[in-house]
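Undergrad: The structure's right below; bear with me while I get my questions together.
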Amino acid sequence: MCMVIFAPIFAVCAFATCGGYYGHLQVKVDCAEQRQSQNNTINIDFSYPFRLQQVHFRAPLCETRRHEIYFLDGDMSLSAQFFVMVGVFAFLYSLLATVVYFFYQNSYLRNNRGPLVDFVVSVVFSSLWLLSSCCWAKSLSNVENATNPTQVLLLISACRSPENKCTVTQEPRWARLNTSVVFGFVNLVLWAGNIWFVFKETGWYKSGQRYPTRSASGKRASEMRQRLYSESSFEQPDDFGPQPFRQDSFNQARLEPSTQARELQRQYSLHQSPLGLPPTHMSKPAAHERDGAVRTKAPVIFVNEI
């Protein structure tokens, strides 16, 4: 949501502060011989796209009544136009994304195409903002050096003579162009941060969340469960008779003492053991067993209840 709101605003601020700039430099030349006869004021105007080699001005020659034409040095139009172009396209795409987010949300999420396209475009615009902002910051430094009043005075031959007096009456203001560079890097941070939020909507992130990788502790726990399962399913040879499973012993440990006694008696009554217990652990025969009834071969175990 932050991307939808702030991206168009910062994009407009970036290309508007750069594309609508107008600079003015004014220099006054007072010749020693013609100080009272002429008012030699030089006005130097430059603007976007900063083709300074085409900016010219006329300066007087104090020795004669003629004027000489001078040109500034440098061409920063490529980086300035590239910066403005990135801002304009970012603004248009942000408006399009806003319309899609609010009115075509179902179509945006269908078949995962919308988030993938948005992810790729966000990566592209982040790279473009980084490249254009760095290039424009360097070109702005060159513009400031080319239009520096000290540098301009060195171009004028009349100002190089100590008899003449040259003063700068008005200097260009760079706050607007410096703000455009700041807005460029703000857009870079905004678009780069949007990459993560768009990536969370793609199928790549969702597939990774559906099949998370197991950690080392999880693998060890899984191996331990498999080992316990294999040991519990192991059966002893027939010579020693069937033995209860290890899992049953774990279940019995959680039962009450009286319940454990009944469970042990039931298991030993079902499985006859060839090995007899000591006579001290066997109960006395009941009355019906002394009368000739069939005796059971399973021993009866007394368990002390705690």
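Please note that chains go A, B, ... in the order of the structure tokens, that every chain numbers its residues from 1, and that ligands are numbered from 1 in the order shown.
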Show me, as a list in words, the residues that have an atom within 9 Å of A:Phe89 when counting only C-alpha atoms, minus same-chain residues fewer than 5 positions from it.
TA: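 These residues fall inside the cut-off: Ala11, Val84 and Ser94 of chain A.
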Undergrad: Restrict the selected residues to N, CA and C atoms and save them as a tab-separated table (two decimals), in the first residue's frame.
TA:
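After the write, result.tsv holds the following:
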```tsv
chain	number	residue	atom	x	y	z
A	11	ALA	N	8.03	10.07	-7.64
A	11	ALA	CA	8.45	10.09	-9.04
A	11	ALA	C	8.19	11.45	-9.67
A	84	VAL	N	15.11	12.12	-16.00
A	84	VAL	CA	13.71	12.52	-16.16
A	84	VAL	C	12.89	11.41	-16.80
A	94	SER	N	3.45	3.40	-11.85
A	94	SER	CA	2.84	3.45	-10.51
A	94	SER	C	1.35	3.72	-10.60
```
Undergrad: For A:Asn111, find every residue with an atom within 12 Å (counting only C-alpha atoms), except residues of its own chain fewer than 5 positions away, and show them as a list in words.
TA: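 Surrounding residues, per the criterion: Asn106, Leu116, Val117, Glu201, Thr202 and Gly203 of chain A.
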Undergrad: Taking only C-alpha atoms into account, which of A:Leu177, A:Ala146, A:Val121, A:Val100 comes nearest A:Gly20?
TA: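 For A:Gly20, the nearest of the given residues is A:Leu177.
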Undergrad: Pull the helix (DSSP H, G or I) assignments for stretch 38-217 of chain A out of DSSP run on the backbone, and list those residues as a PyMOL selection string.
TA: chain A and resi 52-54+77-103+105-146+149-155+158-160+175-199+203-210+216-217
